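Peer 1: coords.tsv is reproduced in full below (TSV, C-alpha atoms and all ligand atoms).
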```tsv
chain	number	residue	atom	x	y	z
J	609	MET	CA	-6.90	-27.61	-3.00
J	610	ARG	CA	-9.20	-28.17	-5.96
J	611	ILE	CA	-9.84	-25.50	-8.59
J	612	ASP	CA	-12.56	-25.82	-11.22
J	613	ILE	CA	-12.94	-23.49	-14.16
J	614	VAL	CA	-16.31	-23.32	-15.91
J	615	THR	CA	-15.71	-21.88	-19.38
J	616	LEU	CA	-16.32	-21.99	-23.12
J	617	PHE	CA	-12.52	-22.43	-23.59
J	618	PRO	CA	-11.46	-25.27	-21.27
J	619	GLU	CA	-8.44	-26.24	-23.42
J	620	LEU	CA	-7.04	-22.73	-23.18
J	621	CYS	CA	-7.38	-22.70	-19.40
J	622	ASP	CA	-6.06	-26.23	-19.01
J	623	GLN	CA	-2.98	-25.43	-21.06
J	624	PHE	CA	-2.13	-22.51	-18.82
J	625	LEU	CA	-2.53	-24.63	-15.67
J	626	SER	CA	-0.24	-27.28	-17.18
J	627	ALA	CA	2.67	-24.97	-17.95
J	628	SER	CA	5.62	-23.71	-15.96
J	629	ILE	CA	5.46	-23.52	-12.16
J	630	LEU	CA	1.76	-24.41	-11.90
J	631	GLY	CA	2.18	-27.27	-14.37
J	632	ARG	CA	4.98	-28.80	-12.29
J	633	ALA	CA	2.98	-28.37	-9.08
J	634	ARG	CA	-0.08	-29.88	-10.72
J	635	ALA	CA	1.94	-32.90	-11.89
J	636	LYS	CA	3.10	-33.37	-8.29
J	637	ASP	CA	-0.55	-33.26	-7.12
J	638	LEU	CA	0.07	-30.15	-5.03
J	639	PHE	CA	-3.36	-29.05	-6.28
J	640	GLU	CA	-6.10	-30.43	-8.50
J	641	ALA	CA	-7.52	-28.48	-11.44
J	642	HIS	CA	-10.46	-29.26	-13.75
J	643	CYS	CA	-11.68	-27.18	-16.67
J	644	HIS	CA	-15.27	-27.74	-17.77
J	645	GLN	CA	-16.88	-26.98	-21.12
J	646	ILE	CA	-20.16	-25.10	-20.59
J	647	ARG	CA	-21.35	-26.28	-24.02
J	648	ASP	CA	-21.33	-29.90	-22.79
J	649	TYR	CA	-24.19	-29.03	-20.44
J	650	THR	CA	-26.54	-27.46	-23.02
J	651	THR	CA	-29.86	-29.19	-23.62
J	652	ASN	CA	-30.71	-27.71	-27.03
J	653	LYS	CA	-29.92	-29.45	-30.29
J	654	GLN	CA	-27.60	-26.76	-31.58
J	655	LYS	CA	-25.61	-26.75	-28.32
J	656	GLN	CA	-26.20	-23.05	-28.19
J	657	THR	CA	-24.84	-21.44	-25.01
J	658	ASP	CA	-26.21	-17.90	-25.33
J	659	ASP	CA	-29.09	-15.82	-26.58
J	660	TYR	CA	-30.23	-12.23	-27.11
J	661	PRO	CA	-30.73	-10.17	-23.99
J	662	TYR	CA	-34.27	-9.47	-22.80
J	663	GLY	CA	-34.94	-5.77	-23.14
J	664	GLY	CA	-32.72	-5.50	-26.19
J	665	GLY	CA	-29.19	-4.22	-26.54
J	666	CYS	CA	-26.12	-5.50	-28.26
J	667	GLY	CA	-24.25	-8.72	-27.55
J	668	MET	CA	-25.36	-12.09	-26.29
J	669	VAL	CA	-25.99	-13.37	-22.77
J	670	LEU	CA	-24.97	-16.82	-21.52
J	671	TYR	CA	-27.88	-19.08	-20.55
J	672	ALA	CA	-28.32	-19.88	-16.87
J	673	GLN	CA	-29.16	-23.57	-17.39
J	674	PRO	CA	-25.85	-25.02	-18.76
J	675	ILE	CA	-23.81	-23.11	-16.20
J	676	ALA	CA	-26.10	-24.26	-13.39
J	677	ASP	CA	-25.93	-27.90	-14.49
J	678	CYS	CA	-22.15	-27.69	-14.81
J	679	LEU	CA	-21.88	-26.21	-11.30
J	680	ARG	CA	-24.10	-29.01	-9.95
J	681	GLU	CA	-21.75	-31.54	-11.51
J	682	VAL	CA	-18.76	-29.84	-9.89
J	683	GLN	CA	-20.59	-29.90	-6.55
J	684	ARG	CA	-21.30	-33.60	-7.02
J	685	GLN	CA	-17.65	-34.37	-7.80
J	686	CYS	CA	-16.48	-32.43	-4.75
J	687	ALA	CA	-18.97	-34.26	-2.53
J	688	GLU	CA	-17.77	-37.56	-3.95
J	689	GLN	CA	-14.22	-36.66	-2.93
J	690	GLY	CA	-15.43	-35.81	0.55
J	691	ARG	CA	-14.73	-32.12	-0.02
J	692	ASN	CA	-16.75	-29.15	1.14
J	693	LYS	CA	-19.17	-27.47	-1.23
J	694	PRO	CA	-16.97	-25.38	-3.56
J	695	HIS	CA	-16.79	-21.62	-3.15
J	696	VAL	CA	-18.20	-20.25	-6.43
J	697	VAL	CA	-16.71	-17.10	-7.97
J	698	PHE	CA	-18.08	-15.43	-11.10
J	699	LEU	CA	-15.51	-13.38	-13.02
J	700	THR	CA	-17.19	-10.24	-14.30
J	701	ALA	CA	-16.16	-6.66	-14.98
J	702	ALA	CA	-18.83	-5.65	-12.43
J	703	GLY	CA	-17.29	-7.69	-9.61
J	704	LYS	CA	-15.39	-6.55	-6.55
J	705	PRO	CA	-11.79	-5.50	-7.28
J	706	TYR	CA	-9.32	-8.32	-6.83
J	707	ASN	CA	-6.15	-8.02	-4.75
J	708	GLU	CA	-3.64	-10.10	-2.80
J	709	GLU	CA	-5.85	-10.07	0.27
J	710	ALA	CA	-8.64	-11.73	-1.75
J	711	ALA	CA	-6.09	-14.23	-3.14
J	712	LYS	CA	-5.07	-15.17	0.41
J	713	ARG	CA	-8.70	-15.52	1.42
J	714	LEU	CA	-9.54	-17.75	-1.56
J	715	ALA	CA	-6.41	-19.82	-0.93
J	716	GLY	CA	-8.00	-20.88	2.35
J	717	TYR	CA	-10.86	-22.77	0.65
J	718	ASP	CA	-10.67	-26.47	-0.01
J	719	ALA	CA	-12.43	-26.01	-3.39
J	720	VAL	CA	-12.93	-22.91	-5.52
J	721	THR	CA	-14.94	-22.83	-8.74
J	722	LEU	CA	-14.30	-19.98	-11.18
J	723	VAL	CA	-17.05	-19.22	-13.71
J	724	CYS	CA	-16.02	-17.30	-16.84
J	725	GLY	CA	-18.55	-15.06	-18.51
J	726	HIS	CA	-18.45	-14.27	-22.20
J	727	TYR	CA	-19.98	-11.83	-24.66
J	728	GLU	CA	-22.23	-9.33	-22.91
J	729	GLY	CA	-22.61	-11.31	-19.71
J	730	ILE	CA	-24.27	-14.14	-17.86
J	731	ASP	CA	-27.96	-14.49	-16.99
J	732	GLU	CA	-28.06	-12.79	-13.59
J	733	ARG	CA	-30.25	-15.52	-12.10
J	734	VAL	CA	-27.50	-18.15	-12.16
J	735	ILE	CA	-25.16	-15.73	-10.42
J	736	GLU	CA	-27.81	-15.14	-7.76
J	737	ALA	CA	-28.48	-18.85	-7.36
J	738	PHE	CA	-24.88	-20.14	-7.29
J	739	GLY	CA	-22.46	-17.26	-6.83
J	740	ASP	CA	-20.71	-16.72	-3.53
J	741	GLU	CA	-19.00	-13.64	-4.96
J	742	GLU	CA	-18.24	-11.74	-8.16
J	743	ILE	CA	-14.68	-10.64	-8.85
J	744	SER	CA	-13.20	-8.17	-11.34
J	745	ILE	CA	-9.46	-8.20	-11.98
J	746	GLY	CA	-9.34	-4.52	-12.88
J	747	ASP	CA	-11.12	-1.51	-14.29
J	748	TYR	CA	-11.12	-2.60	-17.91
J	749	VAL	CA	-13.36	-4.89	-19.92
J	750	LEU	CA	-12.12	-8.21	-21.29
J	751	THR	CA	-13.86	-10.19	-24.01
J	752	GLY	CA	-14.32	-13.03	-21.55
J	753	GLY	CA	-13.63	-14.19	-18.02
J	754	GLU	CA	-10.93	-16.74	-18.98
J	755	LEU	CA	-7.94	-14.46	-18.46
J	756	ALA	CA	-9.51	-13.20	-15.25
J	757	SER	CA	-10.11	-16.72	-13.95
J	758	LEU	CA	-6.50	-17.65	-14.76
J	759	VAL	CA	-5.24	-14.56	-12.95
J	760	VAL	CA	-7.23	-15.62	-9.89
J	761	ALA	CA	-6.20	-19.29	-10.21
J	762	ASP	CA	-2.52	-18.37	-10.58
J	763	SER	CA	-2.45	-15.98	-7.64
J	764	VAL	CA	-4.31	-18.45	-5.41
J	765	LEU	CA	-2.45	-21.61	-6.41
J	766	ARG	CA	0.99	-20.08	-5.95
J	767	LEU	CA	0.08	-19.64	-2.28
J	768	GLN	CA	-0.51	-23.39	-1.85
J	769	PRO	CA	2.25	-25.04	0.19
J	770	GLY	CA	5.04	-26.40	-2.00
J	771	VAL	CA	4.03	-24.62	-5.22
J	772	LEU	CA	6.81	-22.05	-4.97
J	773	ALA	CA	10.28	-23.48	-4.49
J	774	GLU	CA	10.92	-21.25	-1.50
J	775	GLU	CA	8.14	-20.38	0.89
J	776	LYS	CA	10.03	-17.16	1.55
J	777	GLY	CA	9.54	-16.29	-2.13
J	778	TYR	CA	6.05	-14.99	-1.80
J	779	GLN	CA	6.50	-13.34	1.56
J	780	GLU	CA	9.00	-10.90	0.15
J	781	GLU	CA	7.09	-10.12	-2.98
J	782	SER	CA	4.92	-7.19	-3.86
J	783	TYR	CA	1.72	-6.75	-1.91
J	784	TRP	CA	2.47	-9.52	0.55
J	785	ASP	CA	3.17	-7.06	3.29
J	786	GLY	CA	1.36	-4.24	1.57
J	787	LEU	CA	4.44	-2.76	-0.11
J	788	LEU	CA	5.73	-3.03	-3.68
J	789	GLU	CA	8.78	-5.13	-4.32
J	790	TYR	CA	12.28	-3.64	-4.29
J	791	PRO	CA	14.24	-3.66	-7.59
J	792	GLN	CA	16.19	-6.81	-8.48
J	793	TYR	CA	19.46	-7.22	-10.41
J	794	THR	CA	21.45	-10.13	-11.79
J	795	ARG	CA	24.68	-10.56	-13.78
J	796	PRO	CA	26.50	-8.78	-15.30
J	797	GLU	CA	27.56	-6.25	-12.69
J	798	VAL	CA	27.55	-3.52	-15.33
J	799	TRP	CA	25.09	-3.76	-18.22
J	800	GLU	CA	25.24	-1.21	-21.04
J	801	GLY	CA	26.87	1.28	-18.71
J	802	ARG	CA	24.40	0.73	-15.86
J	803	ALA	CA	25.92	-0.61	-12.65
J	804	VAL	CA	24.19	-2.69	-9.99
J	805	PRO	CA	23.67	-0.61	-6.80
J	806	PRO	CA	26.96	-1.07	-4.89
J	807	VAL	CA	25.28	-2.05	-1.60
J	808	LEU	CA	24.14	-5.34	-3.22
J	809	LEU	CA	27.75	-6.34	-3.79
J	810	THR	CA	28.88	-5.78	-0.20
J	811	GLY	CA	27.70	-9.12	1.17
J	812	ASP	CA	26.47	-7.23	4.25
J	813	HIS	CA	22.96	-8.66	4.59
J	814	LYS	CA	21.87	-6.26	7.28
J	815	LYS	CA	22.71	-3.36	4.99
J	816	ILE	CA	21.15	-5.06	1.97
J	817	ASP	CA	17.90	-5.75	3.85
J	818	ALA	CA	17.75	-2.13	5.02
J	819	TRP	CA	18.37	-0.86	1.47
J	820	ARG	CA	15.69	-3.15	0.04
J	821	ALA	CA	13.18	-2.15	2.70
J	822	ALA	CA	13.82	1.53	1.99
J	823	GLN	CA	13.46	0.94	-1.77
J	824	SER	CA	10.13	-0.83	-1.20
J	825	ARG	CA	8.83	2.01	0.93
J	826	THR	CA	9.97	4.72	-1.48
J	827	ARG	CA	8.56	2.94	-4.54
J	828	THR	CA	5.23	2.39	-2.84
J	829	ARG	CA	5.10	5.99	-1.63
J	830	LEU	CA	5.75	7.33	-5.13
J	831	ARG	CA	3.84	4.80	-7.24
J	832	ARG	CA	0.97	3.73	-5.00
J	833	PRO	CA	0.24	6.38	-2.36
J	834	ASP	CA	-3.02	4.54	-1.56
J	835	LEU	CA	-1.14	1.36	-0.61
J	836	TYR	CA	1.49	3.37	1.23
J	837	GLU	CA	-1.06	5.14	3.39
J	838	ARG	CA	-2.63	1.82	4.33
J	839	TRP	CA	0.78	0.31	5.03
J	840	CYS	CA	1.66	3.20	7.35
J	841	ASP	CA	-1.57	2.76	9.27
J	842	THR	CA	-1.04	-0.97	9.70
J	843	HIS	CA	2.69	-0.85	10.47
J	844	PRO	CA	3.07	1.24	13.60
J	845	VAL	CA	6.50	2.15	14.86
J	846	THR	CA	6.48	0.00	17.96
J	847	ASP	CA	9.98	0.43	19.27
J	848	LEU	CA	11.34	3.88	18.91
J	849	PRO	CA	15.10	4.07	18.65
J	850	LYS	CA	16.68	4.45	22.08
J	851	TRP	CA	18.30	7.71	23.09
J	852	LYS	CA	22.00	7.18	22.74
J	853	ARG	CA	24.77	8.35	24.99
J	854	GLY	CA	25.64	11.96	24.16
J	855	GLU	CA	22.16	12.53	22.75
J	856	ASN	CA	19.67	14.78	24.55
J	857	ALA	CA	16.99	17.45	24.14
J	858	ARG	CA	17.23	20.86	25.81
J	859	LEU	CA	14.78	23.70	26.20
J	860	VAL	CA	15.82	26.75	24.19
J	861	LYS	CA	16.72	29.38	26.81
J	862	THR	CA	19.85	31.29	25.79
J	863	GLY	CA	20.29	33.67	22.88
J	864	GLU	CA	22.81	31.27	21.39
J	865	GLN	CA	20.27	28.43	21.52
J	866	MET	CA	17.68	30.71	19.96
J	867	ASP	CA	20.06	31.48	17.11
J	868	ARG	CA	20.65	27.79	16.51
J	869	ALA	CA	16.89	27.09	16.61
J	870	ALA	CA	16.28	29.93	14.13
J	871	ALA	CA	18.94	28.54	11.77
J	872	LEU	CA	17.42	25.06	11.97
J	873	PHE	CA	13.93	26.44	11.52
J	874	ALA	CA	15.01	28.41	8.44
J	875	GLU	CA	16.69	25.36	6.89
J	876	GLY	CA	13.70	23.15	7.63
J	877	ARG	CA	11.09	25.61	6.43
J	878	ARG	CA	12.99	26.31	3.23
J	879	THR	CA	13.17	22.58	2.53
J	880	VAL	CA	9.47	21.89	3.04
J	881	CYS	CA	8.39	25.07	1.23
J	882	ALA	CA	10.76	24.59	-1.72
J	883	GLU	CA	8.18	22.67	-3.76
J	884	ILE	CA	5.26	24.98	-3.18
J	885	CYS	CA	6.49	28.58	-2.75
J	886	THR	CA	7.92	31.30	-4.96
J	887	PRO	CA	11.69	32.01	-4.92
J	888	ALA	CA	10.95	35.40	-3.32
J	889	TYR	CA	9.12	33.74	-0.44
J	890	LEU	CA	11.93	31.20	0.00
J	891	ALA	CA	14.56	33.96	0.00
J	892	ALA	CA	12.76	35.64	2.89
J	893	ILE	CA	13.13	32.52	5.05
J	894	THR	CA	16.34	33.70	6.74
J	895	PRO	CA	17.60	32.80	10.23
J	896	GLU	CA	17.07	36.47	11.22
J	897	ASN	CA	13.42	36.50	10.11
J	898	MET	CA	12.82	33.09	11.66
J	899	ARG	CA	14.32	34.25	14.93
J	900	ASP	CA	11.82	37.12	15.04
J	901	LEU	CA	9.01	34.66	14.38
J	902	LEU	CA	10.20	32.23	17.06
J	903	GLU	CA	10.51	35.08	19.61
J	904	GLN	CA	6.97	36.13	18.80
J	905	GLU	CA	5.69	32.57	19.14
J	906	ARG	CA	7.55	32.15	22.42
J	907	ARG	CA	5.78	35.21	23.80
J	908	SER	CA	2.46	33.62	22.89
J	909	GLY	CA	3.18	30.42	24.81
J	910	TRP	CA	5.40	28.24	22.64
J	911	ALA	CA	8.46	26.42	23.99
J	912	PHE	CA	11.21	25.16	21.69
J	913	TYR	CA	13.59	22.27	22.21
J	914	LEU	CA	16.85	21.50	20.49
J	915	HIS	CA	18.11	17.97	19.96
J	916	TYR	CA	21.85	17.46	20.47
J	917	THR	CA	24.10	14.68	19.24
J	918	GLY	CA	27.47	14.96	20.95
J	919	GLY	CA	26.97	18.63	21.71
J	920	GLU	CA	25.84	19.49	18.17
J	921	ALA	CA	22.25	20.74	17.77
J	922	ASP	CA	20.83	18.81	14.81
J	923	ALA	CA	17.05	18.91	15.28
J	924	MET	CA	14.32	20.98	16.89
J	925	VAL	CA	10.68	20.86	17.89
J	926	GLY	CA	8.16	23.32	19.35
J	927	VAL	CA	5.25	22.68	21.73
J	928	CYS	CA	2.43	24.92	22.90
J	929	HIS	CA	0.99	24.06	26.32
J	930	GLN	CA	-2.03	26.34	25.89
J	931	THR	CA	-3.25	24.72	22.68
J	932	GLY	CA	-1.66	21.26	22.71
J	933	GLU	CA	0.04	21.91	19.35
J	934	ILE	CA	3.39	20.58	18.20
J	935	SER	CA	5.27	22.39	15.45
J	936	HIS	CA	8.63	23.12	13.83
J	937	LEU	CA	9.82	19.52	13.88
J	938	PHE	CA	12.98	19.64	11.78
J	939	VAL	CA	16.05	17.44	11.52
J	940	THR	CA	19.13	18.67	9.62
J	941	GLU	CA	19.87	16.93	6.35
J	942	ALA	CA	23.00	15.31	7.79
J	943	ALA	CA	21.19	13.88	10.83
J	944	ARG	CA	18.28	12.29	8.93
J	945	GLY	CA	17.57	8.57	8.79
J	946	LYS	CA	18.57	7.95	12.41
J	947	GLY	CA	15.15	8.13	14.03
J	948	ILE	CA	15.78	11.58	15.54
J	949	GLY	CA	12.52	12.98	14.12
J	950	ALA	CA	10.53	10.13	15.68
J	951	LYS	CA	12.28	10.58	19.04
J	952	MET	CA	11.67	14.33	19.05
J	953	LEU	CA	8.00	13.91	18.13
J	954	GLU	CA	7.54	11.43	20.97
J	955	PHE	CA	9.46	13.77	23.27
J	956	ALA	CA	7.19	16.70	22.30
J	957	ARG	CA	4.01	14.66	22.72
J	958	LYS	CA	5.10	13.63	26.20
J	959	LYS	CA	5.61	17.29	27.06
J	960	LEU	CA	1.85	17.73	26.63
J	961	PRO	CA	0.36	15.16	29.06
J	962	GLU	CA	-2.47	17.59	29.88
J	963	HIS	CA	-3.74	17.33	26.27
J	964	PRO	CA	-5.44	14.00	25.47
J	965	HIS	CA	-5.27	14.73	21.74
J	966	PRO	CA	-2.29	16.90	20.79
J	967	THR	CA	-2.25	18.18	17.21
J	968	LEU	CA	0.33	19.17	14.64
J	969	GLY	CA	0.36	20.62	11.15
J	970	VAL	CA	2.06	19.13	8.10
J	971	LEU	CA	2.11	20.12	4.44
J	972	SER	CA	0.15	17.83	2.15
J	973	THR	CA	3.27	17.59	-0.05
J	974	ASN	CA	5.40	16.29	2.82
J	975	ILE	CA	4.49	12.62	2.39
J	976	ARG	CA	7.53	11.37	4.29
J	977	ALA	CA	6.57	13.27	7.44
J	978	GLN	CA	2.96	12.16	7.14
J	979	ALA	CA	4.10	8.55	6.88
J	980	LEU	CA	6.12	8.90	10.08
J	981	TYR	CA	3.23	10.56	11.91
J	982	ARG	CA	0.77	7.88	10.81
J	983	ARG	CA	3.12	5.12	11.90
J	984	MET	CA	3.44	6.80	15.28
J	985	GLY	CA	-0.31	6.80	15.85
J	986	TRP	CA	-1.23	10.23	14.49
J	987	ARG	CA	-4.24	10.54	12.18
J	988	PRO	CA	-5.34	13.25	9.70
J	989	ASP	CA	-7.91	15.56	11.24
J	990	GLY	CA	-8.87	18.26	8.78
J	991	VAL	CA	-7.17	21.10	6.96
J	992	LEU	CA	-5.54	24.00	8.80
J	993	HIS	CA	-4.63	26.17	5.85
J	994	VAL	CA	-4.90	26.22	2.07
J	995	PHE	CA	-2.09	27.47	-0.17
J	996	ASP	CA	-3.79	28.35	-3.41
J	997	PRO	CA	-1.77	30.14	-6.12
J	998	GLU	CA	-5.03	31.75	-7.29
J	999	GLN	CA	-5.34	33.57	-3.99
J	1000	ASP	CA	-1.91	33.43	-2.44
J	1001	PRO	CA	0.86	35.07	-4.49
J	1002	THR	CA	3.56	33.27	-2.49
J	1003	ALA	CA	2.26	29.83	-3.53
J	1004	THR	CA	3.32	28.17	-6.80
J	1005	VAL	CA	1.19	25.01	-6.55
J	1006	TYR	CA	-1.95	24.15	-4.64
J	1007	SER	CA	-1.27	22.47	-1.31
J	1008	GLU	CA	-2.74	22.25	2.14
J	1009	GLU	CA	-1.49	22.30	5.68
J	1010	LEU	CA	-3.10	19.21	7.16
J	1011	ARG	CA	-3.89	18.83	10.82
J	1012	PHE	CA	-2.94	15.53	12.43
J	1013	ARG	CA	-4.00	14.49	15.90
J	1014	TYR	CA	-2.61	11.85	18.20
J	1015	ASP	CA	-5.05	9.06	18.59
J	1016	ARG	CA	-3.44	5.96	19.97
J	1017	ALA	CA	-5.15	4.60	23.09
Y	1101	LIG	N1	-14.80	-10.09	-17.66
Y	1101	LIG	C1	-14.71	-9.03	-18.48
Y	1101	LIG	N2	-13.93	-8.08	-17.93
Y	1101	LIG	C2	-13.53	-8.56	-16.72
Y	1101	LIG	C3	-12.70	-8.05	-15.67
Y	1101	LIG	N3	-12.16	-6.85	-15.73
Y	1101	LIG	N4	-12.52	-8.82	-14.59
Y	1101	LIG	C4	-13.09	-10.04	-14.51
Y	1101	LIG	N5	-13.87	-10.57	-15.45
Y	1101	LIG	C5	-14.08	-9.85	-16.55
```
So, in terms of structure tokens, how does the structure I just supplied come out?
Ligand code: ADE
Peer 2:
Amino acid sequence: MRIDIVTLFPELCDQFLSASILGRARAKDLFEAHCHQIRDYTTNKQKQTDDYPYGGGCGMVLYAQPIADCLREVQRQCAEQGRNKPHVVFLTAAGKPYNEEAAKRLAGYDAVTLVCGHYEGIDERVIEAFGDEEISIGDYVLTGGELASLVVADSVLRLQPGVLAEEKGYQEESYWDGLLEYPQYTRPEVWEGRAVPPVLLTGDHKKIDAWRAAQSRTRTRLRRPDLYERWCDTHPVTDLPKWKRGENARLVKTGEQMDRAAALFAEGRRTVCAEICTPAYLAAITPENMRDLLEQERRSGWAFYLHYTGGEADAMVGVCHQTGEISHLFVTEAARGKGIGAKMLEFARKKLPEHPHPTLGVLSTNIRAQALYRRMGWRPDGVLHVFDPEQDPTATVYSEELRFRYDRA
């Protein structure tokens, strides 16, 4: 790959591309980089590169002509090497936001030319005439496009074969798969009283991989909910965990089963409501009250199922054949992390074959559950209920009960 940078500070850019990992790769000819001085292409005596903006305003605007002539020279050099016409990117604060996906896309070109603006901007006409795209590296304004062009060059060049020592290096890193990177540790084992997470010292790579994957998901969920939502949508749960021996789901029929369902329901409801309801409301979520509620719901057409592991009921779900709703999906604290919630949701959905689009409700604060539902093909479909402390004395913070519907073909 060939990268050209068109700039007023070619030495600065060149120095960066000659240092560290990129410098070593460049010396090995794993890519070619050329930094061009815009000033060398001026045609006026003073070698002036900019002028006042038409229409007034502060700052100076880069002339179109020297940039255009420089880009023509880059095109000529590429043609001479038998390369394709370079893909021309202008770095401006008004460009499209840059991300790893764009880096991957740019890494596919044989030649990319990065044009750095300065001062107040670049004459729009040269962007129109030569630009294939405009990129911004973030919602802040830099004094020039040099740092931005180096950010783009770095993120693109590191994807070139051989640049990183281990190909695996970049696959595991942040954004590659849409998730943030898990935390890393090196020696010593205990630093200033802080120990390395014990799982990393076990040598059990299956366990370590699972821990790292969970850390990546949790970090992304907490720090970048936007990325997490996208990741959930693009990473469906394709193989649900198999039902194990001694594991089954049974319809709640007996009084004893109803008691167990009410206890589970109370535990589950208290957990999900803990963040958003008053202590008085939480205190009223007792197995006795929940049993009354379940009995009432059963009379109006709901059926409840308990999940058993070795004879112990550790999860529940409710389905309503009249309406196609699924509700009360709870797994006890001790039984979490084993895929029981996913199995019970799938079980409940299959109980409703007459409904092409079953629905369920989930609190907006319950991000974990939403992630699972999204990954299982459920999609948000409106708001069922609003909990607003201004209007609802049992609510402590604003939240919503979101409706999800099953949408996979
Ligand atoms: N030039 C000035 N600010 C910029 C930004 N945020 N991204 C790219 N180029 C810029």
Peer 1: Could you tell me, as a list in words, which residues have any atom at most 10 Å from (17.1, -3.2, -16.1), counting all atoms listed in the file?
Peer 2: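 Looking at atoms near the point gives Pro791, Gln792, Tyr793, Thr794, Trp799, Glu800, Arg802, Ala803 and Val804 of chain J.
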Peer 1: Within 9 Å of ligand LIG 1101 (chain Y), which residues of chain J show up? Give each one with its shortest atom-to-atom distance in Å (one decimal) and the two atoms involved, counting all atoms listed in the file, rows by chain then rising residue number, as a tab-separated table.
Peer 2:
```
residue	atom	partner	partner_atom	distance
J:Phe698	CA	Y:LIG1101	N5	7.8
J:Leu699	CA	Y:LIG1101	N5	4.1
J:Thr700	CA	Y:LIG1101	N5	3.5
J:Ala701	CA	Y:LIG1101	C2	3.7
J:Ala702	CA	Y:LIG1101	C3	7.3
J:Gly703	CA	Y:LIG1101	C4	6.9
J:Lys704	CA	Y:LIG1101	N4	8.8
J:Pro705	CA	Y:LIG1101	N4	8.1
J:Tyr706	CA	Y:LIG1101	N4	8.4
J:Cys724	CA	Y:LIG1101	N5	7.2
J:Gly725	CA	Y:LIG1101	N1	6.3
J:His726	CA	Y:LIG1101	N1	7.2
J:Tyr727	CA	Y:LIG1101	C1	8.6
J:Glu728	CA	Y:LIG1101	C1	8.7
J:Gly729	CA	Y:LIG1101	N1	8.2
J:Glu742	CA	Y:LIG1101	C4	8.4
J:Ile743	CA	Y:LIG1101	C4	5.9
J:Ser744	CA	Y:LIG1101	N4	3.4
J:Ile745	CA	Y:LIG1101	N4	4.1
J:Gly746	CA	Y:LIG1101	N3	4.6
J:Asp747	CA	Y:LIG1101	N3	5.6
J:Tyr748	CA	Y:LIG1101	N3	4.9
J:Val749	CA	Y:LIG1101	N2	3.8
J:Leu750	CA	Y:LIG1101	N2	3.8
J:Thr751	CA	Y:LIG1101	C1	5.7
J:Gly752	CA	Y:LIG1101	N1	4.9
J:Gly753	CA	Y:LIG1101	N1	4.3
J:Glu754	CA	Y:LIG1101	N5	7.7
J:Leu755	CA	Y:LIG1101	N5	7.7
J:Ala756	CA	Y:LIG1101	C4	4.8
J:Ser757	CA	Y:LIG1101	C4	7.3
```
Peer 1: What's the 8 Å shell around Gly909 of chain J, counting all atoms listed in the file, without same-chain residues fewer than 6 positions away, as an NGL selection string?
Peer 2: :J and (928-930)
Peer 1: Considering only C-alpha atoms, can you say which of J:Arg983, J:Thr967, J:Gln768, J:Cys678 comes closest to Leu1010 of chain J?
Peer 2: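 Ranked by minimum distance to Leu1010 of chain J, first place goes to J:Thr967.
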Peer 1: May I ask which of the residues J:Arg634, J:Arg1013, J:Arg691, J:Arg820 is the closest one to His963 of chain J, counting only C-alpha atoms?
Peer 2: J:Arg1013
Peer 1: Tell me, as a VMD selection string, which residues lie within 6 Å of Tyr913 of chain J, counting all atoms listed in the file; anything in the same chain fewer than 4 positions away does not count.
Peer 2: chain J and resid 858 to 860 924 to 925
Peer 1: Need the shell around Ile613 of chain J: protein/DNA/RNA residues with any atom at most 12 Å away, counting all atoms listed in the file. Skip same-chain ones fewer than 6 positions apart. Format as a PyMOL selection string?
Peer 2: chain J and resi 619-622+624-625+640-646+675+678-679+682+694-699+719-725+753-761
Peer 1: Do you have the atom CA of Asp989 of chain J-atom CA of Glu837 of chain J distance handy?
Peer 2: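 According to the coordinates, atom CA of Asp989 of chain J and atom CA of Glu837 of chain J are separated by 14.7 Å.
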Peer 1: Which residue gives the smallest distance to Leu890 of chain J among J:Thr973, J:Asn692, J:Leu992, J:Arg878, with only C-alpha atoms counted?
Peer 2: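 Nearest to Leu890 of chain J: J:Arg878.
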Peer 1: Point out the residue among J:Tyr717, J:Phe873, J:Phe995, J:Phe912 with the least atom-to-atom distance to Glu1009 of chain J, counting only C-alpha atoms.
Peer 2: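 Result for the nearest residue to Glu1009 of chain J: J:Phe995.
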Peer 1: Which residue, J:Leu953, J:Met898, J:Ile975, J:Ser626, has the smallest gap to Tyr836 of chain J when you use all atoms listed in the file?
Peer 2: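 So, comparing all the options, the nearest one is J:Ile975.
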Peer 1: When distances are computed from all atoms listed in the file, which of J:Asp785, J:Glu933, J:Asp658, J:Asp922 shows the smallest separation from Trp910 of chain J?
Peer 2: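 With all atoms listed in the file as the atom set, the closest residue is J:Glu933.
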Peer 1: What is the distance between atom CA of Glu681 of chain J and atom CA of Ala635 of chain J, in Å to one decimal?
Peer 2: 23.7 Å
Peer 1: Quick one, how far is atom CA of Thr917 of chain J from atom CA of Thr931 of chain J?
Peer 2: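 Spanning atom CA of Thr917 of chain J to atom CA of Thr931 of chain J is a straight-line distance of 29.3 Å.
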Peer 1: List as a VMD selection string the residues having at least one atom at most 10 Å from position (11.6, 9.0, 0.7) as given in the file, counting all atoms listed in the file.
Peer 2: chain J and resid 822 to 823 825 to 830 974 to 977 979
Peer 1: Give me the box for segment 679-687 of chain J as lines of an AutoDock Vina configuration file, namely the centre and edge lengths in Å to one decimal of a box along x, y and z that holds every listed atom plus 4 Å on each side.
Peer 2:
```
center_x = -20.3
center_y = -30.3
center_z = -7.0
size_x = 15.6
size_y = 16.2
size_z = 17.0
```
Peer 1: Residues near Lys852 of chain J, anyone? I mean within 12 Å using all atoms listed in the file, not counting same-chain ones fewer than 6 positions away, as a list in words.
Peer 2: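 Returned residues: His915, Tyr916, Thr917, Gly918, Lys946, Gly947, Ile948 and Lys951 of chain J.
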